[in-house]
>>> print(open('protein-v3.txt').read())   # compact mmCIF, C-alpha atoms and all ligand atoms
# COMPACT_ATOMS: atom_id res chain seq x y z
CA MET A 16 130.54 101.66 95.11
CA THR A 17 127.69 104.14 95.66
CA THR A 18 126.81 104.86 99.27
CA ASN A 19 123.42 105.61 100.78
CA ALA A 20 124.65 109.04 101.83
CA GLU A 21 125.89 109.92 98.34
CA LEU A 22 122.68 108.79 96.71
CA PHE A 23 120.58 110.67 99.25
CA GLU A 24 122.54 113.84 98.58
CA ARG A 25 122.05 113.48 94.83
CA ALA A 26 118.40 112.57 95.33
CA ARG A 27 117.78 115.69 97.39
CA ARG A 28 119.06 117.85 94.56
CA VAL A 29 116.53 116.56 92.06
CA ILE A 30 113.68 115.06 94.11
CA PRO A 31 111.92 117.03 96.88
CA GLY A 32 113.27 115.63 100.15
CA GLY A 33 115.08 113.00 98.11
CA VAL A 34 112.08 110.66 98.07
CA ASN A 35 108.92 109.93 96.14
CA SER A 36 106.80 109.29 99.24
CA PRO A 37 107.43 111.34 102.42
CA VAL A 38 107.79 108.66 105.12
CA ARG A 39 110.75 107.15 103.24
CA ALA A 40 112.83 110.24 103.99
CA PHE A 41 113.33 109.20 107.67
CA ARG A 42 112.17 112.65 108.85
CA SER A 43 110.33 111.32 111.89
CA VAL A 44 113.19 109.04 113.00
CA GLY A 45 116.16 111.09 111.74
CA GLY A 46 119.16 109.89 109.76
CA THR A 47 119.79 108.81 106.20
CA PRO A 48 117.53 106.37 104.39
CA TYR A 49 119.06 103.22 102.95
CA PHE A 50 118.67 102.91 99.17
CA VAL A 51 117.50 99.43 98.23
CA ALA A 52 119.38 97.59 95.51
CA ARG A 53 117.48 94.29 95.60
CA ALA A 54 115.24 92.14 97.75
CA GLU A 55 114.31 88.51 98.15
CA GLY A 56 111.88 86.90 100.55
CA ALA A 57 112.16 88.53 103.98
CA ARG A 58 115.40 90.33 103.10
CA VAL A 59 116.45 93.52 101.36
CA TRP A 60 119.98 94.67 100.52
CA ASP A 61 120.96 98.28 100.18
CA VAL A 62 123.40 99.76 97.66
CA GLU A 63 126.25 99.25 100.15
CA GLY A 64 125.51 95.54 100.35
CA THR A 65 124.06 95.69 103.88
CA GLU A 66 121.39 93.06 104.49
CA TYR A 67 118.20 93.80 106.43
CA LEU A 68 115.49 91.49 107.70
CA ASP A 69 112.60 93.51 106.32
CA LEU A 70 109.33 94.19 108.10
CA VAL A 71 108.38 97.05 105.77
CA GLN A 72 107.49 94.80 102.84
CA SER A 73 106.54 97.82 100.75
CA TYR A 74 104.11 98.93 103.46
CA GLY A 75 102.04 95.83 102.92
CA ALA A 76 102.07 95.62 99.13
CA ILE A 77 104.19 92.48 99.48
CA ILE A 78 102.68 89.50 101.31
CA ALA A 79 104.45 86.43 99.87
CA GLY A 80 107.94 87.88 100.30
CA HIS A 81 110.02 89.98 97.90
CA ALA A 82 110.64 88.67 94.39
CA HIS A 83 108.46 85.60 94.84
CA PRO A 84 109.30 83.35 91.86
CA LYS A 85 105.63 82.91 90.87
CA VAL A 86 105.02 86.68 90.85
CA ILE A 87 108.24 87.45 89.00
CA GLU A 88 107.56 84.78 86.39
CA ALA A 89 104.04 86.13 85.81
CA VAL A 90 105.33 89.68 85.36
CA ARG A 91 108.12 88.51 83.02
CA ALA A 92 105.71 86.58 80.85
CA ALA A 93 103.27 89.50 80.76
CA ALA A 94 105.99 92.02 79.89
CA GLY A 95 106.97 89.96 76.87
CA HIS A 96 103.49 90.60 75.48
CA GLY A 97 103.55 94.36 75.86
CA THR A 98 103.19 96.68 78.82
CA SER A 99 99.97 98.61 78.16
CA TYR A 100 97.36 98.66 75.39
CA GLY A 101 94.49 101.01 76.15
CA ALA A 102 92.06 98.16 75.42
CA PRO A 103 90.50 95.61 77.77
CA THR A 104 92.34 92.37 78.59
CA GLU A 105 91.42 88.94 79.91
CA ARG A 106 93.42 89.31 83.12
CA GLU A 107 91.32 92.31 84.19
CA VAL A 108 88.29 90.04 84.06
CA LEU A 109 90.12 87.31 85.98
CA LEU A 110 91.26 89.73 88.69
CA ALA A 111 87.78 91.26 89.06
CA GLU A 112 86.34 87.74 89.30
CA ALA A 113 88.96 86.85 91.90
CA VAL A 114 87.97 89.87 94.01
CA ALA A 115 84.22 89.24 93.65
CA GLU A 116 84.65 85.60 94.58
CA ARG A 117 86.65 86.41 97.72
CA VAL A 118 84.67 89.48 98.76
CA PRO A 119 80.94 88.85 98.19
CA SER A 120 79.96 92.50 98.87
CA CYS A 121 81.90 93.39 95.70
CA GLU A 122 79.46 92.35 93.02
CA LYS A 123 81.33 94.57 90.58
CA VAL A 124 84.87 95.89 90.71
CA ARG A 125 86.75 98.68 88.98
CA MET A 126 90.54 98.73 88.81
CA VAL A 127 92.68 101.82 89.26
CA SER A 128 96.41 102.28 89.86
CA SER A 129 96.68 103.12 93.57
CA GLY A 130 94.85 103.00 96.87
CA THR A 131 94.46 106.78 96.76
CA GLU A 132 92.62 106.58 93.47
CA ALA A 133 90.38 103.85 94.88
CA THR A 134 89.27 105.88 97.92
CA MET A 135 88.95 109.13 95.97
CA THR A 136 86.67 107.48 93.46
CA ALA A 137 84.67 105.54 96.05
CA LEU A 138 83.95 108.88 97.69
CA ARG A 139 82.85 110.46 94.40
CA LEU A 140 80.68 107.44 93.70
CA ALA A 141 79.08 107.57 97.16
CA ARG A 142 78.32 111.25 96.69
CA GLY A 143 77.05 110.72 93.15
CA ALA A 144 74.87 107.77 94.08
CA THR A 145 73.31 109.37 97.17
CA GLY A 146 73.11 112.95 95.89
CA ARG A 147 74.60 114.02 99.24
CA SER A 148 77.94 115.72 99.92
CA LYS A 149 78.98 115.13 103.54
CA VAL A 150 81.47 112.39 104.34
CA VAL A 151 82.53 111.08 107.72
CA LYS A 152 86.05 109.82 108.36
CA PHE A 153 87.93 108.92 111.53
CA ALA A 154 90.91 110.68 113.08
CA GLY A 155 94.14 108.78 112.49
CA ASN A 156 92.76 106.82 109.57
CA TYR A 157 94.65 107.36 106.31
CA HIS A 158 92.91 107.01 102.99
CA GLY A 159 95.63 108.20 100.64
CA HIS A 160 96.24 111.79 99.64
CA GLY A 161 93.01 112.86 97.96
CA ASP A 162 91.96 116.38 99.03
CA ALA A 163 88.68 115.56 100.76
CA LEU A 164 90.23 112.86 102.94
CA LEU A 165 93.32 114.79 104.04
CA ALA A 166 91.92 115.78 107.40
CA GLU A 167 93.40 114.45 110.63
CA SER A 168 95.03 111.65 108.69
CA GLY A 169 97.44 109.09 110.00
CA SER A 170 100.66 107.82 108.39
CA GLY A 171 103.10 110.48 107.11
CA VAL A 172 100.46 113.24 107.15
CA ALA A 173 100.35 113.00 110.92
CA HIS A 174 103.81 114.57 111.08
CA LEU A 175 102.83 117.78 109.26
CA GLU A 176 102.19 120.93 111.27
CA GLY A 177 98.66 122.18 111.80
CA GLN A 178 96.98 118.80 112.05
CA GLY A 179 94.29 118.07 114.51
CA HIS A 180 91.38 120.40 113.98
CA GLN A 181 88.00 119.73 112.52
CA GLY A 182 87.64 121.39 109.12
CA VAL A 183 91.35 122.20 108.82
CA PRO A 184 92.97 120.58 105.79
CA GLY A 185 95.84 118.21 106.58
CA SER A 186 98.03 119.74 103.89
CA ALA A 187 98.79 123.09 102.33
CA GLY A 188 97.19 123.37 98.93
CA VAL A 189 93.97 121.75 100.05
CA PRO A 190 91.38 124.53 100.13
CA PRO A 191 89.17 124.64 103.22
CA THR A 192 86.21 124.09 100.92
CA ALA A 193 87.64 120.68 99.95
CA VAL A 194 87.29 119.45 103.53
CA ALA A 195 84.33 121.62 104.53
CA GLU A 196 82.07 118.61 104.06
CA THR A 197 84.45 116.14 105.69
CA LEU A 198 83.48 115.40 109.29
CA VAL A 199 86.22 113.87 111.41
CA GLU A 200 85.18 111.64 114.30
CA PRO A 201 87.20 109.72 116.90
CA TYR A 202 87.99 106.11 115.94
CA ASN A 203 86.11 103.39 117.80
CA VAL A 204 83.12 105.59 118.65
CA VAL A 205 80.00 105.19 116.51
CA PRO A 206 78.97 108.73 115.56
CA ARG A 207 75.34 109.80 115.34
CA LEU A 208 74.84 110.67 111.67
CA ASP A 209 72.71 113.40 110.14
CA ALA A 210 70.52 112.61 107.15
CA ASP A 211 72.80 114.56 104.79
CA VAL A 212 75.77 112.18 105.08
CA ALA A 213 76.71 110.45 101.81
CA CYS A 214 79.09 107.94 103.35
CA VAL A 215 81.20 106.88 106.27
CA ILE A 216 84.69 105.75 105.26
CA VAL A 217 86.71 103.71 107.73
CA GLU A 218 89.80 101.55 107.99
CA PRO A 219 88.11 98.45 109.48
CA VAL A 220 91.40 97.82 111.28
CA ALA A 221 93.28 101.10 111.71
CA ALA A 222 96.84 100.56 110.47
CA ASN A 223 98.12 104.09 109.88
CA MET A 224 98.33 105.29 113.49
CA GLY A 225 100.19 102.20 114.47
CA LEU A 226 97.82 99.27 114.78
CA VAL A 227 94.46 99.99 116.41
CA ALA A 228 91.86 97.22 116.41
CA PRO A 229 88.17 98.00 116.04
CA GLN A 230 86.48 97.59 119.42
CA PRO A 231 83.68 95.02 119.52
CA GLY A 232 80.53 96.61 118.12
CA PHE A 233 82.24 99.52 116.34
CA LEU A 234 81.99 98.22 112.76
CA GLU A 235 78.56 96.70 113.40
CA GLY A 236 77.42 100.03 114.88
CA LEU A 237 78.61 101.90 111.80
CA ARG A 238 76.59 99.54 109.61
CA THR A 239 73.43 100.12 111.66
CA GLU A 240 73.89 103.88 111.84
CA CYS A 241 74.54 104.16 108.08
CA ASP A 242 71.40 102.16 107.38
CA ARG A 243 69.37 104.36 109.71
CA VAL A 244 70.10 107.52 107.68
CA GLY A 245 70.63 105.98 104.23
CA ALA A 246 74.37 106.67 104.16
CA LEU A 247 76.80 104.28 102.46
CA LEU A 248 79.42 102.41 104.46
CA VAL A 249 82.83 102.37 102.75
CA PHE A 250 85.55 100.04 104.04
CA ASP A 251 89.06 101.14 103.14
CA GLU A 252 90.62 97.69 102.91
CA VAL A 253 93.79 98.88 101.20
CA ILE A 254 95.81 97.24 104.00
CA THR A 255 93.35 94.68 105.35
CA GLY A 256 92.10 93.38 101.98
CA PHE A 257 93.25 89.81 101.20
CA ARG A 258 95.52 90.04 104.26
CA VAL A 259 93.51 89.78 107.50
CA ALA A 260 91.40 87.05 105.86
CA ARG A 261 90.79 85.76 102.35
CA GLY A 262 87.81 88.10 102.14
CA GLY A 263 89.47 90.91 104.13
CA ALA A 264 88.27 92.61 107.29
CA GLN A 265 84.64 92.36 106.24
CA GLU A 266 84.93 88.57 106.33
CA ARG A 267 86.90 88.58 109.58
CA PHE A 268 84.43 90.84 111.40
CA GLY A 269 81.26 89.81 109.56
CA VAL A 270 80.18 93.31 108.53
CA ARG A 271 79.16 93.97 104.93
CA PRO A 272 80.02 97.42 103.54
CA ASP A 273 78.39 98.99 100.48
CA LEU A 274 81.71 99.86 98.88
CA SER A 275 85.25 98.57 99.48
CA CYS A 276 88.63 99.95 98.48
CA PHE A 277 91.71 97.86 97.80
CA GLY A 278 95.38 98.41 97.07
CA LYS A 279 98.71 96.98 98.22
CA VAL A 280 98.27 93.15 98.31
CA ILE A 281 95.96 93.18 95.27
CA GLY A 282 98.85 94.36 93.08
CA GLY A 283 101.48 91.88 94.23
CA GLY A 284 103.94 94.78 94.47
CA LEU A 285 102.84 96.49 91.26
CA ASN A 286 100.53 99.45 90.81
CA VAL A 287 96.98 98.28 91.39
CA GLY A 288 94.13 99.72 93.35
CA ALA A 289 90.51 98.70 93.05
CA PHE A 290 87.14 99.48 94.47
CA GLY A 291 83.99 97.45 94.36
CA GLY A 292 80.55 97.10 95.79
CA ARG A 293 76.88 96.59 95.09
CA ALA A 294 76.17 96.31 91.37
CA ASP A 295 73.52 99.04 91.43
CA LEU A 296 76.05 101.45 92.95
CA MET A 297 78.95 100.44 90.71
CA ASP A 298 76.72 100.86 87.64
CA GLN A 299 76.53 104.57 88.47
CA LEU A 300 80.08 104.79 87.08
CA ALA A 301 80.86 105.89 83.52
CA PRO A 302 80.25 104.55 80.90
CA LEU A 303 76.93 103.29 82.37
CA GLY A 304 76.22 106.10 84.78
CA PRO A 305 76.93 109.75 85.52
CA VAL A 306 79.93 109.36 87.89
CA TYR A 307 83.12 109.84 85.90
CA GLN A 308 86.34 107.93 86.48
CA ALA A 309 89.05 106.78 84.09
CA GLY A 310 92.74 105.82 83.88
CA THR A 311 95.27 105.33 81.08
CA LEU A 312 97.09 102.58 82.99
CA SER A 313 94.07 101.16 84.85
CA GLY A 314 94.05 97.37 84.76
CA ASN A 315 97.62 97.40 83.49
CA PRO A 316 98.69 93.98 82.12
CA LEU A 317 101.84 93.70 84.27
CA ALA A 318 99.99 94.74 87.38
CA THR A 319 97.10 92.33 86.88
CA ALA A 320 99.62 89.53 86.26
CA ALA A 321 101.39 90.28 89.54
CA GLY A 322 98.11 90.67 91.43
CA LEU A 323 96.67 87.39 90.18
CA ALA A 324 99.91 85.56 90.99
CA ALA A 325 99.99 87.01 94.51
CA LEU A 326 96.35 86.15 95.20
CA SER A 327 96.86 82.60 93.92
CA LEU A 328 99.45 82.05 96.68
CA LEU A 329 96.96 82.96 99.41
CA ASP A 330 95.14 79.76 100.35
CA THR A 331 93.80 78.66 103.73
CA GLU A 332 97.21 77.35 104.75
CA ALA A 333 98.82 80.66 103.87
CA TYR A 334 96.43 82.58 106.12
CA ALA A 335 97.07 80.17 109.00
CA ALA A 336 100.83 80.57 108.48
CA LEU A 337 100.58 84.37 108.38
CA GLU A 338 98.67 84.41 111.64
CA ALA A 339 101.11 82.04 113.36
CA THR A 340 104.08 84.12 112.18
CA ALA A 341 102.49 87.36 113.35
CA THR A 342 101.73 85.85 116.76
CA ARG A 343 105.32 84.63 117.15
CA LEU A 344 106.61 88.07 116.14
CA ALA A 345 104.23 90.10 118.32
CA ASP A 346 104.77 87.95 121.42
CA GLY A 347 108.51 87.67 120.81
CA LEU A 348 109.06 91.41 120.34
CA ARG A 349 106.96 92.35 123.35
CA SER A 350 108.75 90.07 125.76
CA ALA A 351 112.23 90.75 124.31
CA ILE A 352 111.94 94.54 124.33
CA THR A 353 109.97 94.86 127.53
CA GLY A 354 112.32 92.30 129.12
CA ALA A 355 115.25 94.58 128.26
CA GLY A 356 113.59 97.40 130.17
CA LEU A 357 111.72 99.34 127.47
CA THR A 358 107.99 98.83 127.89
CA VAL A 359 106.23 98.24 124.59
CA CYS A 360 102.95 96.78 123.48
CA THR A 361 102.50 94.85 120.27
CA PRO A 362 98.81 94.71 119.37
CA ARG A 363 97.94 92.18 116.70
CA VAL A 364 94.95 91.63 114.45
CA GLY A 365 95.42 88.48 112.40
CA PRO A 366 98.69 88.98 110.50
CA LEU A 367 98.95 92.72 111.30
CA VAL A 368 101.28 93.73 114.13
CA GLY A 369 101.74 97.10 115.79
CA LEU A 370 104.65 98.31 117.91
CA PHE A 371 104.05 101.13 120.39
CA VAL A 372 106.46 102.29 123.04
CA GLY A 373 104.23 102.49 126.10
CA ALA A 374 102.29 100.18 128.37
CA GLU A 375 98.85 100.41 126.86
CA ALA A 376 97.67 99.80 123.30
CA PRO A 377 95.86 102.91 122.04
CA THR A 378 92.25 102.70 120.89
CA ASP A 379 92.21 105.99 118.95
CA PHE A 380 94.42 108.73 117.47
CA GLU A 381 94.69 110.62 120.78
CA GLY A 382 96.07 107.51 122.41
CA ALA A 383 98.43 106.83 119.51
CA ARG A 384 99.80 110.36 119.83
CA ARG A 385 100.56 109.81 123.52
CA THR A 386 102.89 106.90 122.78
CA ASP A 387 106.64 107.58 122.92
CA GLU A 388 107.67 108.36 119.35
CA ALA A 389 111.15 109.48 120.35
CA ALA A 390 111.81 106.08 121.90
CA TYR A 391 110.39 104.43 118.77
CA ALA A 392 112.93 106.37 116.71
CA GLU A 393 115.81 105.22 118.94
CA LEU A 394 114.63 101.64 118.79
CA PHE A 395 114.23 101.93 115.02
CA HIS A 396 117.87 102.97 114.62
CA ALA A 397 119.21 100.44 117.10
CA LEU A 398 117.42 97.74 115.10
CA LEU A 399 118.53 99.11 111.74
CA ARG A 400 122.17 98.97 112.91
CA ARG A 401 121.54 95.29 113.66
CA GLY A 402 120.09 94.60 110.23
CA VAL A 403 116.36 94.76 111.00
CA ALA A 404 114.23 97.21 109.03
CA LEU A 405 111.05 98.56 110.58
CA ALA A 406 109.07 101.30 108.87
CA PRO A 407 110.71 104.68 109.63
CA GLY A 408 107.75 106.11 111.53
CA GLY A 409 105.87 105.26 114.70
CA TYR A 410 102.50 105.42 112.92
CA GLU A 411 103.32 102.58 110.57
CA ILE A 412 102.93 98.89 111.35
CA LEU A 413 104.90 95.67 110.85
CA PHE A 414 104.11 93.42 107.90
CA PRO A 415 105.29 89.87 108.59
CA GLY A 416 104.58 87.79 105.48
CA LEU A 417 104.89 84.29 104.11
CA ALA A 418 108.68 84.62 103.80
CA HIS A 419 109.16 85.37 107.51
CA HIS A 420 109.89 81.83 108.59
CA ASP A 421 110.42 81.05 112.28
CA GLY A 422 114.20 81.43 111.96
CA VAL A 423 113.78 84.95 110.57
CA VAL A 424 111.31 85.93 113.28
CA ASP A 425 113.57 84.53 116.00
CA ALA A 426 116.56 86.46 114.61
CA ILE A 427 114.50 89.66 114.61
CA VAL A 428 113.41 89.05 118.20
CA GLU A 429 116.97 88.32 119.35
CA ARG A 430 118.26 91.52 117.78
CA ALA A 431 115.32 93.44 119.25
CA ALA A 432 116.40 92.40 122.74
CA GLU A 433 119.91 93.74 122.09
CA ALA A 434 118.58 96.90 120.44
CA ALA A 435 116.26 97.61 123.37
CA ALA A 436 119.11 97.05 125.86
CA GLU A 437 121.17 99.59 123.94
CA VAL A 438 118.34 102.15 124.00
CA VAL A 439 117.76 101.63 127.73
CA GLY A 440 121.52 101.83 128.43
CA ARG A 441 121.77 105.23 126.75
CA ARG A 442 118.87 106.78 128.68
C1 LIG B 1 98.36 102.96 101.72
C2 LIG B 1 96.94 103.29 101.99
C3 LIG B 1 96.16 104.04 101.11
C4 LIG B 1 96.76 104.70 99.90
O1 LIG B 1 97.20 103.80 98.95
P1 LIG B 1 98.33 104.29 97.89
O2 LIG B 1 98.47 103.11 96.99
O3 LIG B 1 99.54 104.62 98.68
O4 LIG B 1 97.77 105.48 97.20
C5 LIG B 1 94.82 104.19 101.37
N1 LIG B 1 94.27 103.65 102.47
C6 LIG B 1 94.98 102.92 103.35
C7 LIG B 1 94.29 102.31 104.52
C8 LIG B 1 96.34 102.75 103.15
O5 LIG B 1 97.06 102.08 104.06
>>> encode(input="protein-v3.txt", output="structure tokens", more="lines below")
Ligand SMILES: *Cc1c(COP(=O)(O)O)cnc(C)c1O
Amino acid sequence: MTTNAELFERARRVIPGGVNSPVRAFRSVGGTPYFVARAEGARVWDVEGTEYLDLVQSYGAIIAGHAHPKVIEAVRAAAGHGTSYGAPTEREVLLAEAVAERVPSCEKVRMVSSGTEATMTALRLARGATGRSKVVKFAGNYHGHGDALLAESGSGVAHLEGQGHQGVPGSAGVPPTAVAETLVEPYNVVPRLDADVACVIVEPVAANMGLVAPQPGFLEGLRTECDRVGALLVFDEVITGFRVARGGAQERFGVRPDLSCFGKVIGGGLNVGAFGGRADLMDQLAPLGPVYQAGTLSGNPLATAAGLAALSLLDTEAYAALEATATRLADGLRSAITGAGLTVCTPRVGPLVGLFVGAEAPTDFEGARRTDEAAYAELFHALLRRGVALAPGGYEILFPGLAHHDGVVDAIVERAAEAAAEVVGRR
């Protein structure tokens, strides 16, 4: 039998850090990552056969549970007909129609292969359509790893050295010129915009610095301020899209952006990103307009099959169930862990749940950075030893889905009480 430790050692010889996405390496919590062999519903099993109740759910790409039969069947059927053609297909039309129907601000949609590609291109489109260069983003929001948006980012970037200054790139290899026209503002404060701003990009619910809800008036204020100076409002709904409501955060909060970015849920666990918006803006894209964007695997037939299958599972009942599950989880974890003597808060927006060690839910990146990440790491490991997988980083969130039935949630909560008692006992 292969062990996690053996595989990690081999991985580190041939893959930088042993992983293909940094957070997976466990650097911020310490220890050896488990290598997944298979997954079903709310559970994953590693190569040693250990079972985990999984709250990672591919960082939100999975909403109906791992290996949902409908999704798997759709992918199987699609694969039998070939895996990529380089010519348009019917399912791309169906998926674009499905997005436009759910999200009315998206009159037209273009598909890409990741959330990063979606935000990168939305930015280029906003700049191309307005003829302006400046973009505004918010500290602690993460929009993928495109150069211009790697400034004071959340998620894994937040653990790199040298973060935290205006105009300083969040990564080596990003030239200062790439972020020279990126203005970083504190989340939940409506900035006063100059007339040379092309767009404001925002996570309508911040989910990459833990979970931080938009304060009442924040998203509405951004809409008004963008309109005042003729800037475009871009919602990065890569996490919130099709999850916090059928029509995403813009439906939940009643604010209509000019452009929206999607990823994760829209691909049903395969590689899909998309962005959409007003037809007159979207028609600025090649081949109709001067803003170039392309992709060999864009609108991939397996990915559109998985995405359509996943979206078809998300009816009104599903959203009600997601919300009920998330409430049970958030309330259960808070009282279990706090009851054991480790004070946590578990903010929730619809089906999204955060877990911060500390008494008060942060409202911005500063606040998120003041929470106790060391205690999060201890809790993470105490839970992992009990067969519960949280994301290995305090800036990630929990993704309860349709497979997290009450029994699963209750088991997680019970183990959380024990895990917290262990952490408190060792302090
Ligand atoms: C995950 C994420 C992205 C990047 O998507 P990838 O598919 O990982 O490139 C962008 N924005 C937000 C809000 C995300 O959570």
>>> residues_near_ligand(input="protein-v3.txt", ligand="ligand LIG 1 (chain B)", cutoff="10 Å", atoms="all atoms listed in the file", output="PyMOL selection string")
chain A and resi 36+73-76+127-135+156-161+164+169-170+217-223+250-256+276-279+282+285-289+411-412
>>> axis_aligned_box(input="protein-v3.txt", around="segment 332-338 of chain A", padding_each_side="8 Å", output="AutoDock Vina command-line options")
--center_x 98.6 --center_y 80.9 --center_z 107.8 --size_x 20.4 --size_y 23.1 --size_z 23.8
>>> residues_near_point(input="protein-v3.txt", point="(112.9, 89.2, 105.9)", cutoff="9 Å", atoms="only C-alpha atoms", output="list of chain:residue names")
A:Ala54, A:Glu55, A:Gly56, A:Ala57, A:Arg58, A:Val59, A:Tyr67, A:Leu68, A:Asp69, A:Leu70, A:Gln72, A:Gly80, A:His81, A:Val403, A:Ala404, A:Pro415, A:Gly416, A:Ala418, A:His419, A:His420, A:Val423, A:Val424, A:Ile427
>>> closest_atom_pairs(input="protein-v3.txt", of="segment 141-252 of chain A", to="segment 298-304 of chain A", cutoff="10 Å", atoms="all atoms listed in the file", output="JSON lines")
{"residue": "A:Ala141", "atom": "CA", "partner": "A:Gln299", "partner_atom": "CA", "distance": 9.5}
{"residue": "A:Gly143", "atom": "CA", "partner": "A:Gln299", "partner_atom": "CA", "distance": 7.7}
{"residue": "A:Ala144", "atom": "CA", "partner": "A:Gln299", "partner_atom": "CA", "distance": 6.7}
>>> atom_distance(input="protein-v3.txt", atom1="atom CA of Val114 of chain A", atom2="atom CA of Arg147 of chain A")
28.1 Å
>>> residues_around(input="protein-v3.txt", residues="Leu367 of chain A", least_positions_apart="2", cutoff="8 Å", atoms="all atoms listed in the file", output="ChimeraX atom specification")
/A:226,259,341,363-365,369,412-415
>>> residues_near_point(input="protein-v3.txt", point="(90.4, 88.3, 81.8)", cutoff="12 Å", atoms="all atoms listed in the file", output="list in words")
Ala102, Pro103, Thr104, Glu105, Arg106, Glu107, Val108, Leu109, Leu110, Ala111, Glu112, Ala113, Gly314, Asn315, Pro316, Thr319, Ala320 and Leu323 of chain A
>>> closest_residue(input="protein-v3.txt", among="A:Glu116, A:Glu437, A:Glu167, A:Asp162", to="Arg139 of chain A", atoms="only C-alpha atoms")
A:Asp162
>>> closest_residue(input="protein-v3.txt", among="A:Arg401, A:Pro31, A:Asn203, A:Gly245", to="Gly232 of chain A", atoms="all atoms listed in the file")
A:Asn203
>>> residues_around(input="protein-v3.txt", residues="Glu122 of chain A", least_positions_apart="4", cutoff="8 Å", atoms="only C-alpha atoms", output="PDB file with C-alpha atoms, in the coordinates of the input")
ATOM      1  CA  ALA A 115      84.220  89.240  93.650  1.00  0.00           C
ATOM      2  CA  GLY A 291      83.990  97.450  94.360  1.00  0.00           C
ATOM      3  CA  GLY A 292      80.550  97.100  95.790  1.00  0.00           C
ATOM      4  CA  ARG A 293      76.880  96.590  95.090  1.00  0.00           C
ATOM      5  CA  ALA A 294      76.170  96.310  91.370  1.00  0.00           C
TER       6      ALA A 294
END
>>> closest_residue(input="protein-v3.txt", among="A:Arg258, A:Gly155, A:Phe268, A:Gly310", to="Leu328 of chain A", atoms="all atoms listed in the file")
A:Arg258
>>> closest_residue(input="protein-v3.txt", among="A:Ala93, A:Ala390, A:Leu398, A:Ala82", to="Val439 of chain A", atoms="only C-alpha atoms")
A:Ala390
>>> closest_residue(input="protein-v3.txt", among="A:Arg385, A:Arg142, A:Arg91, A:Arg442", to="Leu296 of chain A", atoms="only C-alpha atoms")
A:Arg142
>>> atom_distance(input="protein-v3.txt", atom1="atom CA of Val62 of chain A", atom2="atom CA of Arg400 of chain A")
15.3 Å
